[in-house]
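Asker: Dumping the structure here so I can ask a few things about it.
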Amino acid sequence: MVSSADSAKNSLWAQTAKEPAVAADPFRADQTYDLAIIGGGITGTSAALAAAEQGARVVQLEARHIGWGGSGRNGGQVIPGLKLDPSEMRAAYGEKAGARLTAEVGGNADLVFSLIEKHKISCDTARSGWIQAAHAPTALGRVQQRGREWAELGAPVEMLDKPALEALTGTSRYYGGWRDKRAGTLQPLAYTRGLARAAKQTGVVLHEDAAVRGLRRDGTLWRLATAHGEVAAKKVVLGPDGYADPLVRGLAQTLICVQSAIVATEPMPAELRAAIMPGGICASETRRLAFYFRQSPDGRLVFGGRGAAGDKEKASFHRALVEAMHRIFPATRPLAVSHRWSGQVALTLDGLPHIHEPQPQMYIGIGYNGRGVAMGTLMGRWLAALALQGAQPPLPVTPLSPIPLHQFRMPGVQAGIAWAWLRDRMGFAE
């Protein structure tokens, strides 16, 4: 079996990123910074950039290289909002706090595209919207109600019946849905590199291949140990999402991590490019193990879904993913699959991102549940403001709360994924 970690180099994004890899700084031990950021994904690079813009002296430490994890391997869909609808956010957090949360997460796609424009990030953006497609008639009313709630708040949305959805996507498999025109697509590895480039230009010291092996409190400072030496910082931000490790005790146990597996076809002929997911539009489904899909800038169909649990890829899941792509888009059957890769997605039990301060001056943002491009960008800015200004984010800062019997959940997750794939292949998913 192939390692999911090793598949990063085979991804379409690794082979087509227009933003070059960021040149890291030589490691200088025994330096002291205002803020140390652990992680070189979207959350970490966004936080580094925001903190440097506030005048802080920032060091960013990445275990491998910028965008190595989920930030460089995801589907590149920029989707605003959370899993909760606006009314659910108000019900959960109260009218005032819920309205603030709704406004900020509803604008996180705007934030992404504004940063791309401001810093001239070359990441193949398209802003044609995101479609949530109802895989069953019973799901249609529910998702369209979500769209109507956002429309009542002024968001540019469109309700789609079955023919309208088919015209936009090129598939007749769905019963309708809604389209959020705030959303769009980008090349995720190039975007992450572009954020890191902008952060470096703003003064951030970047160290790659610098895994933090120890993190300890020393008076008013945090000391971060790496194989190259030690640095110190007044405050620390972590943004590992699906790549949380034992560095912070109990953090990884707050998440259920599964692979998100993706395939990309060879470039489609012109007639298919015009018919299947044209113009930069992206989509995902309503089923529990939802498929998601878009067209790449060079005309490939990029098709993803949940895969195995753990680091090892299973060929059976990739085969099932290709079979699902062929069922939804039968015209792609003659096309070769040119790229296959996967990455870890961090899921939380409540479907929401979490913010933690497990020790004084240590801040963590985690758990994007498959919406990490827009939410990770916003989370980075929240964490920078919290660390440097004490500005409280719209989501509450909560204690670490490991999932009970976490060690026994992964076999169950694996079995559940396998069963869901089997049901889908047998035609029962709808």
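By order of appearance in the structure tokens: chains A, B, ..., then residues from 1 within every chain, and ligands from 1 in the order shown.
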Extract, using only C-alpha atoms, all DNA, RNA and protein residues at most 6 Å from Leu35 in chain A, discarding same-chain residues fewer than 6 positions from it, and format them as a list in words.

Answerer: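 Returned residues: Val58, Ala233, Lys234, Lys235 and Val236 of chain A.
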
Asker: I need the residues of range 10-244 of chain A that end up classed as strand (DSSP E) by DSSP on the backbone, written out as a PyMOL selection string.

Answerer: chain A and resi 32-38+58-61+77-78+130-133+157-160+177-180+184-185+205-207+214-218+221-226+229-238

Asker: If you run DSSP over the backbone, which residues in range 287-340 of chain A end up helix (DSSP H, G or I)? Put them as a list in words.

Answerer: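 The helix (DSSP H, G or I) residues within range 287-340 of chain A come out as Ala315, Ser316, Phe317, His318, Arg319, Ala320, Leu321, Val322, Glu323, Ala324, Met325, His326, Arg327, Ile328, Pro330, Ala331 and Thr332 of chain A.
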
Asker: Let me see the file: selected residues, C-alpha atoms, as a short mmCIF file (atom, residue, chain, number, x, y, z; two decimals), in the first residue's frame.

Answerer:
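Everything below was put into again.cif:
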```
data_model
loop_
_atom_site.label_atom_id
_atom_site.label_comp_id
_atom_site.auth_asym_id
_atom_site.auth_seq_id
_atom_site.Cartn_x
_atom_site.Cartn_y
_atom_site.Cartn_z
CA ALA A 315 -6.18 0.91 -4.03
CA SER A 316 -9.76 -0.28 -3.57
CA PHE A 317 -10.87 3.19 -2.44
CA HIS A 318 -9.27 4.87 -5.43
CA ARG A 319 -10.91 2.32 -7.74
CA ALA A 320 -14.26 2.99 -6.08
CA LEU A 321 -13.69 6.73 -6.47
CA VAL A 322 -13.05 6.34 -10.21
CA GLU A 323 -16.16 4.16 -10.52
CA ALA A 324 -18.22 6.85 -8.78
CA MET A 325 -16.81 9.50 -11.13
CA HIS A 326 -17.81 7.36 -14.11
CA ARG A 327 -21.35 6.92 -12.78
CA ILE A 328 -21.81 10.63 -12.18
CA PRO A 330 -20.34 8.76 -17.82
CA ALA A 331 -18.63 10.71 -20.61
CA THR A 332 -15.35 10.52 -18.66
#
```

Asker: Report as number ranges by chain all protein, DNA and RNA residues lying within 10 Å of Ala227 in chain A, evaluated on only C-alpha atoms, omitting residues in the same chain fewer than 5 positions from it.

Answerer: A: 209-214

Asker: Convert the current residue selection to file output with N, CA and C atoms, as a JSON list (two decimals), in the first residue's frame.

Answerer:
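Saved file out-v3.json follows:
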```json
[["chain", "number", "residue", "atom", "x", "y", "z"],
["A", 209, "ASP", "N", 11.68, 21.99, 7.08],
["A", 209, "ASP", "CA", 12.39, 20.81, 7.63],
["A", 209, "ASP", "C", 12.79, 21.07, 9.07],
["A", 210, "ALA", "N", 11.90, 21.70, 9.80],
["A", 210, "ALA", "CA", 12.18, 22.11, 11.17],
["A", 210, "ALA", "C", 11.05, 21.66, 12.08],
["A", 211, "ALA", "N", 10.86, 20.35, 12.17],
["A", 211, "ALA", "CA", 9.82, 19.81, 13.03],
["A", 211, "ALA", "C", 10.10, 20.20, 14.48],
["A", 212, "VAL", "N", 9.07, 20.68, 15.15],
["A", 212, "VAL", "CA", 9.21, 21.03, 16.57],
["A", 212, "VAL", "C", 9.07, 19.74, 17.38],
["A", 213, "ARG", "N", 10.16, 19.36, 18.06],
["A", 213, "ARG", "CA", 10.20, 18.11, 18.80],
["A", 213, "ARG", "C", 9.91, 18.29, 20.29],
["A", 214, "GLY", "N", 10.02, 19.53, 20.73],
["A", 214, "GLY", "CA", 9.75, 19.80, 22.13],
["A", 214, "GLY", "C", 9.23, 21.21, 22.30]]
```

Asker: Record the distance separating CA of Gly239 in chain A and CA of Gly39 in chain A, expressed in Å with one decimal.

Answerer: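 Computing it gives 5.8 Å between the two atoms.
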
Asker: So, counting only C-alpha atoms, which residue among A:Asp6, A:Asp124, A:Glu271, A:Glu230 is closest to Val59 in chain A?

Answerer: A:Glu230

Asker: Quick one: residues within 10 Å of Ala387 in chain A, only C-alpha atoms, excluding same-chain residues fewer than 5 positions away - as a PDB file with C-alpha atoms, in the first residue's frame?

Answerer:
```pdb
ATOM      1  CA  ASP A  34       7.114  37.759  19.607  1.00  0.00           C
ATOM      2  CA  LEU A  35       5.244  34.853  18.016  1.00  0.00           C
ATOM      3  CA  ALA A  47      -1.503  33.739  10.832  1.00  0.00           C
ATOM      4  CA  ALA A  51       0.913  38.889  12.655  1.00  0.00           C
ATOM      5  CA  LYS A 234       6.495  34.975  23.852  1.00  0.00           C
ATOM      6  CA  LYS A 235       3.488  33.284  22.273  1.00  0.00           C
ATOM      7  CA  VAL A 236       2.816  30.226  20.105  1.00  0.00           C
ATOM      8  CA  VAL A 237       0.178  29.477  17.440  1.00  0.00           C
ATOM      9  CA  GLU A 357      -5.722  27.854  24.568  1.00  0.00           C
ATOM     10  CA  GLN A 361      -0.028  32.140  25.415  1.00  0.00           C
ATOM     11  CA  MET A 362      -0.567  28.973  23.325  1.00  0.00           C
ATOM     12  CA  TYR A 363      -3.320  29.208  20.683  1.00  0.00           C
ATOM     13  CA  ARG A 381      -6.200  35.893  11.183  1.00  0.00           C
ATOM     14  CA  TRP A 382      -8.337  35.135  14.224  1.00  0.00           C
ATOM     15  CA  GLN A 392     -11.697  37.300  21.032  1.00  0.00           C
TER      16      GLN A 392
END
```

Asker: Using only C-alpha atoms, which of A:Thr169, A:Gln77, A:Gln253, A:Gln201 sits nearest Arg182 in chain A?

Answerer: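 Of A:Thr169, A:Gln77, A:Gln253, A:Gln201, the one nearest Arg182 in chain A, counting only C-alpha atoms, is A:Gln77.
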
Asker: Could you pull the residues within 10 Å of Asp85 in chain A, counting only C-alpha atoms, minus those fewer than 2 positions along the same chain, as an NGL selection string?

Answerer: :A and (81-83 or 87-91 or 102 or 143 or 145-147 or 149-150)

Asker: Filtering to N, CA and C atoms, could you give me those residues as a compact mmCIF listing (two decimals), in the first residue's frame?

Answerer:
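Result saved to selection_6.txt:
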```
# COMPACT_ATOMS: atom_id res chain seq x y z
N GLY A 81 -18.79 30.11 4.81
CA GLY A 81 -19.71 29.57 5.79
C GLY A 81 -19.16 28.36 6.53
N LEU A 82 -20.01 27.79 7.36
CA LEU A 82 -19.71 26.60 8.14
C LEU A 82 -20.76 25.54 7.84
N LYS A 83 -20.64 24.41 8.51
CA LYS A 83 -21.66 23.38 8.37
C LYS A 83 -23.00 23.83 8.95
N SER A 87 -29.25 30.45 10.90
CA SER A 87 -30.18 30.34 12.03
C SER A 87 -29.62 29.42 13.11
N GLU A 88 -28.88 28.40 12.71
CA GLU A 88 -28.28 27.49 13.68
C GLU A 88 -27.15 28.16 14.44
N MET A 89 -26.39 29.04 13.76
CA MET A 89 -25.33 29.78 14.46
C MET A 89 -25.93 30.72 15.49
N ARG A 90 -27.03 31.37 15.15
CA ARG A 90 -27.67 32.27 16.12
C ARG A 90 -28.24 31.48 17.28
N ALA A 91 -28.82 30.32 16.98
CA ALA A 91 -29.38 29.50 18.05
C ALA A 91 -28.29 28.97 18.98
N THR A 102 -21.74 34.56 11.80
CA THR A 102 -22.30 34.40 10.45
C THR A 102 -21.66 35.38 9.48
N VAL A 143 -31.30 21.55 1.66
CA VAL A 143 -30.19 22.37 1.19
C VAL A 143 -30.68 23.69 0.60
N GLN A 145 -33.23 25.36 1.68
CA GLN A 145 -33.51 26.22 2.82
C GLN A 145 -32.24 26.90 3.31
N ARG A 146 -31.12 26.16 3.29
CA ARG A 146 -29.83 26.77 3.64
C ARG A 146 -29.53 27.94 2.70
N GLY A 147 -29.73 27.74 1.42
CA GLY A 147 -29.50 28.81 0.47
C GLY A 147 -30.39 30.00 0.69
N GLU A 149 -31.67 30.98 3.51
CA GLU A 149 -31.21 31.71 4.70
C GLU A 149 -30.08 32.67 4.34
N TRP A 150 -29.12 32.21 3.54
CA TRP A 150 -28.04 33.11 3.14
C TRP A 150 -28.56 34.22 2.23
```

Asker: Would you mind telling me which residue in A:Ala63, A:Leu352, A:Ala134, A:Ala309 lies nearest to Ser4 in chain A when using only C-alpha atoms?

Answerer: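 Selected residue with least distance to Ser4 in chain A: A:Ala309.
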